[in-house]
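**Q** File name start03.txt; file contents compact mmCIF, C-alpha atoms; full text below.
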# COMPACT_ATOMS: atom_id res chain seq x y z
CA MET A 29 112.02 134.88 26.53
CA LEU A 30 113.11 133.77 30.00
CA TRP A 31 115.92 131.65 28.56
CA TYR A 32 117.12 134.51 26.39
CA LYS A 33 116.99 136.91 29.33
CA SER A 34 119.04 134.50 31.47
CA TRP A 35 121.55 134.13 28.66
CA LEU A 36 121.93 137.90 28.37
CA GLU A 37 122.56 138.14 32.11
CA THR A 38 125.30 135.51 32.12
CA ARG A 39 126.79 135.49 28.62
CA TRP A 40 129.91 137.56 29.28
CA ARG A 41 130.88 135.56 32.35
CA PHE A 42 130.42 132.38 30.31
CA VAL A 43 132.29 133.59 27.21
CA ILE A 44 135.23 134.95 29.22
CA GLY A 45 135.40 131.70 31.18
CA LEU A 46 135.37 129.58 28.03
CA VAL A 47 138.12 131.63 26.38
CA LEU A 48 140.34 131.50 29.47
CA LEU A 49 139.86 127.76 29.98
CA VAL A 50 140.60 127.01 26.33
CA PHE A 51 143.82 129.03 26.53
CA SER A 52 144.66 127.26 29.78
CA ALA A 53 144.28 123.89 28.07
CA MET A 54 146.50 125.01 25.19
CA SER A 55 149.14 126.36 27.55
CA THR A 56 149.15 123.16 29.61
CA VAL A 57 149.70 120.97 26.57
CA PHE A 58 152.22 123.05 24.65
CA THR A 59 154.45 123.77 27.65
CA TYR A 60 154.83 120.05 28.45
CA PRO A 61 157.98 119.45 26.35
CA GLU A 62 159.77 122.29 28.16
CA VAL A 63 158.51 121.09 31.55
CA LEU A 64 159.75 117.58 30.80
CA ARG A 65 163.15 118.96 29.78
CA LEU A 66 163.45 120.97 33.01
CA ILE A 67 162.44 118.03 35.18
CA SER A 68 165.02 115.79 33.52
CA ALA A 69 167.78 118.36 34.01
CA ALA A 70 166.97 119.47 37.58
CA PRO A 71 167.99 117.47 40.69
CA ALA A 72 165.25 115.96 42.81
CA PRO A 73 164.24 118.31 45.66
CA ASP A 74 164.63 117.15 49.24
CA LEU A 75 161.58 118.59 51.01
CA GLY A 76 159.74 117.37 54.07
CA GLY A 77 156.15 117.60 55.29
CA ALA A 78 152.89 117.52 53.38
CA LEU A 79 154.03 120.22 50.95
CA GLY A 80 157.25 118.37 50.21
CA ARG A 81 155.37 115.15 49.48
CA ARG A 82 153.03 117.06 47.20
CA VAL A 83 155.94 118.58 45.26
CA THR A 84 157.72 115.23 44.94
CA GLU A 85 154.56 113.53 43.75
CA THR A 86 153.85 116.30 41.23
CA LEU A 87 157.33 116.00 39.74
CA SER A 88 156.97 112.25 39.52
CA LEU A 89 153.58 112.49 37.83
CA ALA A 90 154.82 115.09 35.36
CA ARG A 91 157.19 112.56 33.77
CA ASP A 92 154.13 110.98 32.16
CA PHE A 93 151.85 113.13 29.98
CA ARG A 94 148.59 111.83 31.49
CA GLY A 95 149.98 112.35 34.99
CA TYR A 96 151.18 115.83 34.09
CA VAL A 97 147.79 116.86 32.69
CA TRP A 98 145.97 115.57 35.74
CA SER A 99 148.34 117.00 38.38
CA GLN A 100 148.81 120.40 36.74
CA TRP A 101 145.45 120.99 35.09
CA PHE A 102 142.62 118.83 36.39
CA ARG A 103 143.85 119.03 39.99
CA GLN A 104 144.96 122.67 39.90
CA ASN A 105 144.46 125.13 37.06
CA LEU A 106 141.19 123.87 35.58
CA LEU A 107 139.69 123.11 38.98
CA GLN A 108 140.50 126.57 40.35
CA MET A 109 139.49 128.55 37.27
CA TRP A 110 136.30 126.59 36.68
CA GLY A 111 135.40 126.96 40.36
CA ILE A 112 135.76 130.74 40.15
CA PHE A 113 133.39 130.93 37.19
CA ALA A 114 130.96 128.55 38.89
CA VAL A 115 130.78 131.07 41.72
CA LEU A 116 130.49 134.04 39.35
CA LEU A 117 127.66 132.40 37.41
CA GLY A 118 125.85 131.77 40.68
CA THR A 119 125.75 135.46 41.62
CA GLY A 120 123.05 137.92 40.66
CA GLY A 121 119.37 137.16 40.23
CA LEU A 122 116.11 138.60 41.49
CA VAL A 123 117.32 139.84 44.87
CA SER A 124 120.25 141.84 43.51
CA GLN A 125 118.04 143.16 40.71
CA ALA A 126 115.44 144.23 43.26
CA SER A 127 118.02 146.26 45.20
CA GLY A 128 118.61 148.27 42.03
CA GLY A 129 114.98 148.39 40.94
CA GLY A 130 115.51 145.99 38.04
CA ALA A 131 113.32 143.16 39.32
CA ILE A 132 110.01 144.91 38.64
CA PHE A 133 110.03 143.94 34.96
CA THR A 134 111.16 140.37 35.69
CA LEU A 135 108.46 139.80 38.31
CA SER A 136 105.81 141.22 35.96
CA LEU A 137 106.48 138.47 33.41
CA PRO A 138 103.79 135.75 33.13
CA ALA A 139 105.81 133.15 35.01
CA SER A 140 106.05 131.98 38.60
CA ARG A 141 109.01 132.87 40.77
CA GLY A 142 109.97 129.21 40.79
CA ARG A 143 110.11 129.13 37.01
CA LEU A 144 112.10 132.37 36.88
CA LEU A 145 114.66 130.95 39.26
CA GLY A 146 114.64 127.53 37.60
CA VAL A 147 115.40 128.95 34.16
CA ARG A 148 118.19 131.11 35.59
CA ALA A 149 119.74 128.11 37.35
CA ALA A 150 119.35 125.81 34.32
CA THR A 151 120.99 128.36 32.03
CA ALA A 152 124.00 128.72 34.32
CA LEU A 153 124.28 124.96 34.79
CA GLY A 154 124.26 124.46 31.03
CA GLU A 155 127.03 127.00 30.69
CA LEU A 156 129.02 125.33 33.46
CA LEU A 157 128.62 121.96 31.74
CA ILE A 158 130.12 123.42 28.57
CA LEU A 159 132.97 124.96 30.56
CA ALA A 160 133.65 121.59 32.19
CA MET A 161 133.56 119.51 28.99
CA ILE A 162 134.80 121.55 26.01
CA PRO A 163 138.31 122.47 27.31
CA PRO A 164 139.10 118.85 28.39
CA LEU A 165 137.89 117.53 25.03
CA LEU A 166 140.48 119.73 23.34
CA LEU A 167 143.27 117.74 25.02
CA PRO A 168 143.16 114.75 22.60
CA LEU A 169 143.41 117.18 19.66
CA LEU A 170 146.09 119.42 21.11
CA SER A 171 148.29 116.62 22.44
CA ALA A 172 148.89 115.32 18.92
CA GLY A 173 150.71 118.59 18.21
CA ILE A 174 153.49 117.68 20.65
CA GLY A 175 153.65 113.98 19.81
CA GLN A 176 151.60 112.86 22.80
CA SER A 177 148.15 111.29 23.16
CA TYR A 178 145.28 111.73 25.59
CA ALA A 179 142.20 109.53 25.72
CA VAL A 180 138.81 111.07 24.99
CA GLY A 181 137.29 108.87 27.70
CA ASP A 182 139.63 110.31 30.33
CA ALA A 183 138.71 113.84 29.27
CA LEU A 184 134.98 113.06 29.51
CA VAL A 185 135.25 111.44 32.94
CA HIS A 186 137.33 114.23 34.46
CA GLY A 187 135.01 116.85 32.98
CA ALA A 188 131.97 115.05 34.40
CA CYS A 189 133.54 114.77 37.87
CA LEU A 190 134.40 118.46 37.82
CA PHE A 191 130.87 119.44 36.84
CA VAL A 192 128.89 117.16 39.16
CA ALA A 193 131.01 117.80 42.26
CA GLY A 194 131.76 121.46 41.56
CA THR A 195 128.09 122.30 41.07
CA MET A 196 127.87 122.48 44.85
CA PHE A 197 129.84 125.74 44.79
CA PHE A 198 127.48 127.16 42.17
CA SER A 199 124.41 126.03 44.12
CA PHE A 200 125.64 127.48 47.40
CA THR A 201 126.42 130.82 45.71
CA PHE A 202 123.02 130.72 44.01
CA PHE A 203 121.34 130.17 47.39
CA LEU A 204 123.27 132.98 49.08
CA SER A 205 122.25 135.26 46.21
CA THR A 206 118.65 134.82 47.38
CA VAL A 207 119.69 135.90 50.89
CA PHE A 208 121.97 138.90 50.28
CA ALA A 209 121.03 141.85 48.08
CA ASP A 210 124.56 142.59 46.87
CA VAL A 211 126.42 140.59 44.24
CA TRP A 212 129.83 140.27 45.88
CA ARG A 213 129.03 138.96 49.34
CA PRO A 214 127.82 135.51 48.15
CA ALA A 215 130.84 135.18 45.87
CA LEU A 216 133.33 136.14 48.59
CA ILE A 217 131.78 133.77 51.12
CA VAL A 218 131.92 130.78 48.77
CA LEU A 219 135.41 131.60 47.49
CA CYS A 220 136.68 131.81 51.08
CA LEU A 221 135.02 128.47 51.82
CA ALA A 222 136.61 126.92 48.73
CA THR A 223 140.03 128.24 49.79
CA VAL A 224 139.67 126.70 53.25
CA LEU A 225 138.61 123.35 51.77
CA GLY A 226 141.61 123.44 49.44
CA LEU A 227 143.98 124.08 52.35
CA PHE A 228 142.42 121.24 54.34
CA ASP A 229 142.97 118.90 51.40
CA LEU A 230 146.60 119.98 51.09
CA ILE A 231 147.48 119.76 54.78
CA LEU A 232 145.18 116.99 56.05
CA ARG A 233 144.79 114.76 53.00
CA ASP A 234 146.30 111.80 54.88
CA VAL A 235 143.65 112.20 57.58
CA LEU A 236 140.52 113.25 55.70
CA PRO A 237 138.67 110.29 54.14
CA PHE A 238 136.83 112.58 51.72
CA SER A 239 137.68 115.81 49.93
CA ILE A 240 135.66 117.87 47.47
CA VAL A 241 138.95 118.77 45.76
CA ARG A 242 139.77 115.11 45.14
CA LEU A 243 136.22 114.51 43.94
CA MET A 244 136.26 117.42 41.49
CA SER A 245 139.66 116.41 40.10
CA GLY A 246 138.57 112.79 39.60
CA GLU A 247 141.53 111.57 41.64
CA SER A 248 140.12 108.10 42.31
CA TYR A 249 139.52 107.60 38.58
CA PHE A 250 143.05 108.74 37.75
CA ARG A 251 144.68 106.49 40.32
CA THR A 252 142.46 103.39 40.24
CA GLY A 253 140.21 103.73 37.19
CA GLY A 254 137.11 103.65 39.41
CA LEU A 255 134.50 106.39 39.55
CA PRO A 256 133.61 107.88 42.98
CA TRP A 257 129.91 107.14 42.60
CA ALA A 258 129.02 107.73 46.25
CA GLY A 259 130.69 111.13 46.31
CA LEU A 260 129.19 112.19 42.98
CA LEU A 261 125.68 111.15 44.02
CA ALA A 262 126.07 112.93 47.37
CA SER A 263 127.27 116.08 45.60
CA ALA A 264 124.35 116.00 43.19
CA GLY A 265 121.94 115.55 46.10
CA VAL A 266 123.42 118.47 48.05
CA SER A 267 123.30 120.69 44.96
CA ALA A 268 119.67 119.80 44.23
CA ALA A 269 118.65 120.43 47.86
CA THR A 270 120.46 123.78 47.90
CA LEU A 271 118.81 124.91 44.66
CA TYR A 272 115.42 123.87 46.03
CA ALA A 273 116.10 125.90 49.18
CA ALA A 274 116.88 128.89 46.96
CA THR A 275 113.50 128.58 45.18
CA ARG A 276 111.66 128.34 48.51
CA ASN A 277 113.55 131.37 49.77
CA ILE A 278 112.52 133.42 46.74
CA ALA A 279 108.90 132.21 46.98
CA ARG A 280 108.64 133.55 50.55
CA ARG A 281 110.47 136.81 49.91
CA ASP A 282 108.57 140.09 49.80
CA PHE A 283 109.82 142.26 46.96
Show me the file's structure as structure tokens.
**A**
Amino acid sequence: MLWYKSWLETRWRFVIGLVLLVFSAMSTVFTYPEVLRLISAAPAPDLGGALGRRVTETLSLARDFRGYVWSQWFRQNLLQMWGIFAVLLGTGGLVSQASGGGAIFTLSLPASRGRLLGVRAATALGELLILAMIPPLLLPLLSAGIGQSYAVGDALVHGACLFVAGTMFFSFTFFLSTVFADVWRPALIVLCLATVLGLFDLILRDVLPFSIVRLMSGESYFRTGGLPWAGLLASAGVSAATLYAATRNIARRDF
């Protein structure tokens, strides 16, 4: 019953996210021939600074299908859209239900607060795993339609990096949802934080030795073929600690 209740609470956010990400994957693949044509016809831009280097690199990567998919989708569109739904799936829960009087039934169920929160978190994490893996796994199928190919292994690795590293945004939102009674404040705080981290990666990427954006996009795997094990393990540890803090927060809270 708890699993079904959690599914009912999150299903529309999950379904909308899955539909949008699938369409994003399709759009990325089927617009590639036109993108390639435009790049071949347009003169190379002469831009300076960090933004100019980013644009030049993106154009260079787009000449190869694997580079195009990574630079346009895994590093940008998929990362941003998946991150938004990770935050949205982290909102809600007992505290927001209590503010509207809806937590009385949930707390009366024959289950501990820790189990209630654990089932809610596990349901959302399962949905996020599907959102991180299904759209990338469509790439090998869709790319055949434009005469290109994309490795299943690459899709799996990038999806796994996105999920493991990006879970930190879900976990932080989930924790803040045990602190604030409204739904939108946790989401806005984490989205603002994500925006700042993205700007730091864009402007200071030559200085910063580590970036959550690079970790989520699987940049080291794309460039060198090596997995960022240290970063992934650290992300998983931070996420687990944050979720544990959320359960302790709920256990102490007086409803």
**Q** In file coordinates, which residues lie within 12 Å of (145.9, 118.2, 21.0) using all atoms listed in the file, given as number ranges by chain?
**A** A: 50, 53-58, 60, 93, 97, 163-180, 183
**Q** So the first atom is CA of Pro61 (chain A) and the second is CA of Phe102 (chain A); what is the distance between them in Å, to one decimal place?
**A**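 If I compute the distance from CA of Pro61 (chain A) to CA of Phe102 (chain A), I get 18.4 Å.
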**Q** Calculated over all atoms listed in the file, which of the candidates A:Ile231, A:Ser245, A:Ile158, A:Ala258 has the smallest distance to Ser99 (chain A)?
**A**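 For Ser99 (chain A), the nearest of the given residues is A:Ser245.
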**Q** Distance CA of Gly254 (chain A)-CA of Leu190 (chain A), one decimal place?
**A** 15.1 Å
**Q** Could you jot down the CA of Arg143 (chain A) to CA of Ser34 (chain A) separation for me, Å, one decimal place?
**A**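 Between CA of Arg143 (chain A) and CA of Ser34 (chain A) the gap is 11.8 Å.
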**Q** Which is closer to Tyr249 (chain A) than all the others in A:Ser68, A:Asp234, A:Ala274, A:Leu184, using only C-alpha atoms?
**A** A:Leu184
**Q** Near Gly246 (chain A), counting only C-alpha atoms, which residues have an atom at most 8 Å away, once you skip same-chain residues fewer than 6 positions from it, shown as a ChimeraX atom specification?
**A** /A:102,185-186,189-190,255-256
**Q** Could you pull the residues within 9 Å of Met196 (chain A), counting all atoms listed in the file, minus those fewer than 4 positions along the same chain, as a VMD selection string?
**A** chain A and resid 192 200 to 201 263 to 264 266 to 268 270
**Q** Do a neighbour search on region 159-162 of chain A at 6 Å with all atoms listed in the file, toss out local chain neighbours closer than 3 positions, and write the hits as a PDB file with C-alpha atoms, in the frame of the given file.
**A**
ATOM      1  CA  LEU A  46     135.370 129.580  28.030  1.00  0.00           C
ATOM      2  CA  LEU A 156     129.020 125.330  33.460  1.00  0.00           C
ATOM      3  CA  LEU A 165     137.890 117.530  25.030  1.00  0.00           C
ATOM      4  CA  GLY A 187     135.010 116.850  32.980  1.00  0.00           C
ATOM      5  CA  PHE A 191     130.870 119.440  36.840  1.00  0.00           C
TER       6      PHE A 191
END
**Q** With a distance cut-off of 12 Å and all atoms listed in the file, select the neighbouring residues of Phe198 (chain A), excluding the residue or stretch itself and same-chain residues fewer than 4 positions from it, and output the selection as a PyMOL selection string.
**A** chain A and resi 110-120+149-150+152-157+190-194+202-205+214-215+217-219+222+263-264+266-268+270-271+274
**Q** Using the file's own x, y and z axes, what box holds all listed atoms of region 248-264 of chain A with 4 Å on each side, keeping edges along x, y and z, and what are its centre and edge lengths in Å to one decimal, as lines of an AutoDock Vina configuration file?
**A**
center_x = 134.5
center_y = 109.7
center_z = 42.3
size_x = 28.3
size_y = 20.7
size_z = 18.2
**Q** Using the incomplete input, complete region 93-118 of chain A to the level of N, CA and C atoms; output as a PDB file, in the coordinates of the input.
**A**
ATOM      1  N   PHE A  93     152.729 112.065  30.468  1.00  0.00           N
ATOM      2  CA  PHE A  93     151.850 113.130  29.980  1.00  0.00           C
ATOM      3  C   PHE A  93     150.492 113.104  30.670  1.00  0.00           C
ATOM      4  N   ARG A  94     149.903 111.926  30.826  1.00  0.00           N
ATOM      5  CA  ARG A  94     148.590 111.830  31.490  1.00  0.00           C
ATOM      6  C   ARG A  94     148.697 112.302  32.941  1.00  0.00           C
ATOM      7  N   GLY A  95     149.773 111.904  33.623  1.00  0.00           N
ATOM      8  CA  GLY A  95     149.980 112.350  34.990  1.00  0.00           C
ATOM      9  C   GLY A  95     150.198 113.844  35.075  1.00  0.00           C
ATOM     10  N   TYR A  96     150.935 114.386  34.115  1.00  0.00           N
ATOM     11  CA  TYR A  96     151.180 115.830  34.090  1.00  0.00           C
ATOM     12  C   TYR A  96     149.881 116.601  33.902  1.00  0.00           C
ATOM     13  N   VAL A  97     149.056 116.169  32.949  1.00  0.00           N
ATOM     14  CA  VAL A  97     147.790 116.860  32.690  1.00  0.00           C
ATOM     15  C   VAL A  97     146.891 116.816  33.924  1.00  0.00           C
ATOM     16  N   TRP A  98     146.834 115.663  34.576  1.00  0.00           N
ATOM     17  CA  TRP A  98     145.970 115.570  35.740  1.00  0.00           C
ATOM     18  C   TRP A  98     146.495 116.429  36.901  1.00  0.00           C
ATOM     19  N   SER A  99     147.800 116.304  37.209  1.00  0.00           N
ATOM     20  CA  SER A  99     148.340 117.000  38.380  1.00  0.00           C
ATOM     21  C   SER A  99     148.384 118.505  38.183  1.00  0.00           C
ATOM     22  N   GLN A 100     148.673 118.973  36.974  1.00  0.00           N
ATOM     23  CA  GLN A 100     148.810 120.400  36.740  1.00  0.00           C
ATOM     24  C   GLN A 100     147.510 121.076  36.317  1.00  0.00           C
ATOM     25  N   TRP A 101     146.637 120.337  35.648  1.00  0.00           N
ATOM     26  CA  TRP A 101     145.450 120.990  35.090  1.00  0.00           C
ATOM     27  C   TRP A 101     144.174 120.558  35.803  1.00  0.00           C
ATOM     28  N   PHE A 102     143.864 119.262  35.763  1.00  0.00           N
ATOM     29  CA  PHE A 102     142.620 118.830  36.390  1.00  0.00           C
ATOM     30  C   PHE A 102     142.625 119.029  37.897  1.00  0.00           C
ATOM     31  N   ARG A 103     143.774 118.886  38.538  1.00  0.00           N
ATOM     32  CA  ARG A 103     143.850 119.030  39.990  1.00  0.00           C
ATOM     33  C   ARG A 103     144.107 120.465  40.422  1.00  0.00           C
ATOM     34  N   GLN A 104     144.599 121.303  39.505  1.00  0.00           N
ATOM     35  CA  GLN A 104     144.960 122.670  39.900  1.00  0.00           C
ATOM     36  C   GLN A 104     144.311 123.728  39.012  1.00  0.00           C
ATOM     37  N   ASN A 105     144.874 123.983  37.855  1.00  0.00           N
ATOM     38  CA  ASN A 105     144.460 125.130  37.060  1.00  0.00           C
ATOM     39  C   ASN A 105     142.992 125.078  36.635  1.00  0.00           C
ATOM     40  N   LEU A 106     142.579 123.969  36.023  1.00  0.00           N
ATOM     41  CA  LEU A 106     141.190 123.870  35.580  1.00  0.00           C
ATOM     42  C   LEU A 106     140.241 123.905  36.762  1.00  0.00           C
ATOM     43  N   LEU A 107     140.554 123.164  37.802  1.00  0.00           N
ATOM     44  CA  LEU A 107     139.690 123.110  38.980  1.00  0.00           C
ATOM     45  C   LEU A 107     139.503 124.506  39.580  1.00  0.00           C
ATOM     46  N   GLN A 108     140.586 125.243  39.722  1.00  0.00           N
ATOM     47  CA  GLN A 108     140.500 126.570  40.350  1.00  0.00           C
ATOM     48  C   GLN A 108     139.769 127.561  39.448  1.00  0.00           C
ATOM     49  N   MET A 109     140.111 127.589  38.173  1.00  0.00           N
ATOM     50  CA  MET A 109     139.490 128.550  37.270  1.00  0.00           C
ATOM     51  C   MET A 109     138.013 128.234  37.056  1.00  0.00           C
ATOM     52  N   TRP A 110     137.704 126.967  36.862  1.00  0.00           N
ATOM     53  CA  TRP A 110     136.300 126.590  36.680  1.00  0.00           C
ATOM     54  C   TRP A 110     135.499 126.910  37.943  1.00  0.00           C
ATOM     55  N   GLY A 111     136.094 126.663  39.113  1.00  0.00           N
ATOM     56  CA  GLY A 111     135.400 126.960  40.360  1.00  0.00           C
ATOM     57  C   GLY A 111     135.086 128.427  40.506  1.00  0.00           C
ATOM     58  N   ILE A 112     136.002 129.296  40.084  1.00  0.00           N
ATOM     59  CA  ILE A 112     135.760 130.740  40.150  1.00  0.00           C
ATOM     60  C   ILE A 112     134.566 131.122  39.282  1.00  0.00           C
ATOM     61  N   PHE A 113     134.503 130.575  38.075  1.00  0.00           N
ATOM     62  CA  PHE A 113     133.390 130.930  37.190  1.00  0.00           C
ATOM     63  C   PHE A 113     132.088 130.263  37.622  1.00  0.00           C
ATOM     64  N   ALA A 114     132.160 129.133  38.307  1.00  0.00           N
ATOM     65  CA  ALA A 114     130.960 128.550  38.890  1.00  0.00           C
ATOM     66  C   ALA A 114     130.362 129.490  39.926  1.00  0.00           C
ATOM     67  N   VAL A 115     131.234 130.100  40.721  1.00  0.00           N
ATOM     68  CA  VAL A 115     130.780 131.070  41.720  1.00  0.00           C
ATOM     69  C   VAL A 115     130.227 132.320  41.039  1.00  0.00           C
ATOM     70  N   LEU A 116     130.934 132.829  40.042  1.00  0.00           N
ATOM     71  CA  LEU A 116     130.490 134.040  39.350  1.00  0.00           C
ATOM     72  C   LEU A 116     129.146 133.846  38.658  1.00  0.00           C
ATOM     73  N   LEU A 117     128.937 132.669  38.073  1.00  0.00           N
ATOM     74  CA  LEU A 117     127.660 132.400  37.410  1.00  0.00           C
ATOM     75  C   LEU A 117     126.529 132.210  38.409  1.00  0.00           C
ATOM     76  N   GLY A 118     126.873 131.931  39.662  1.00  0.00           N
ATOM     77  CA  GLY A 118     125.850 131.770  40.680  1.00  0.00           C
ATOM     78  C   GLY A 118     125.388 133.080  41.286  1.00  0.00           C
TER      79      GLY A 118
END
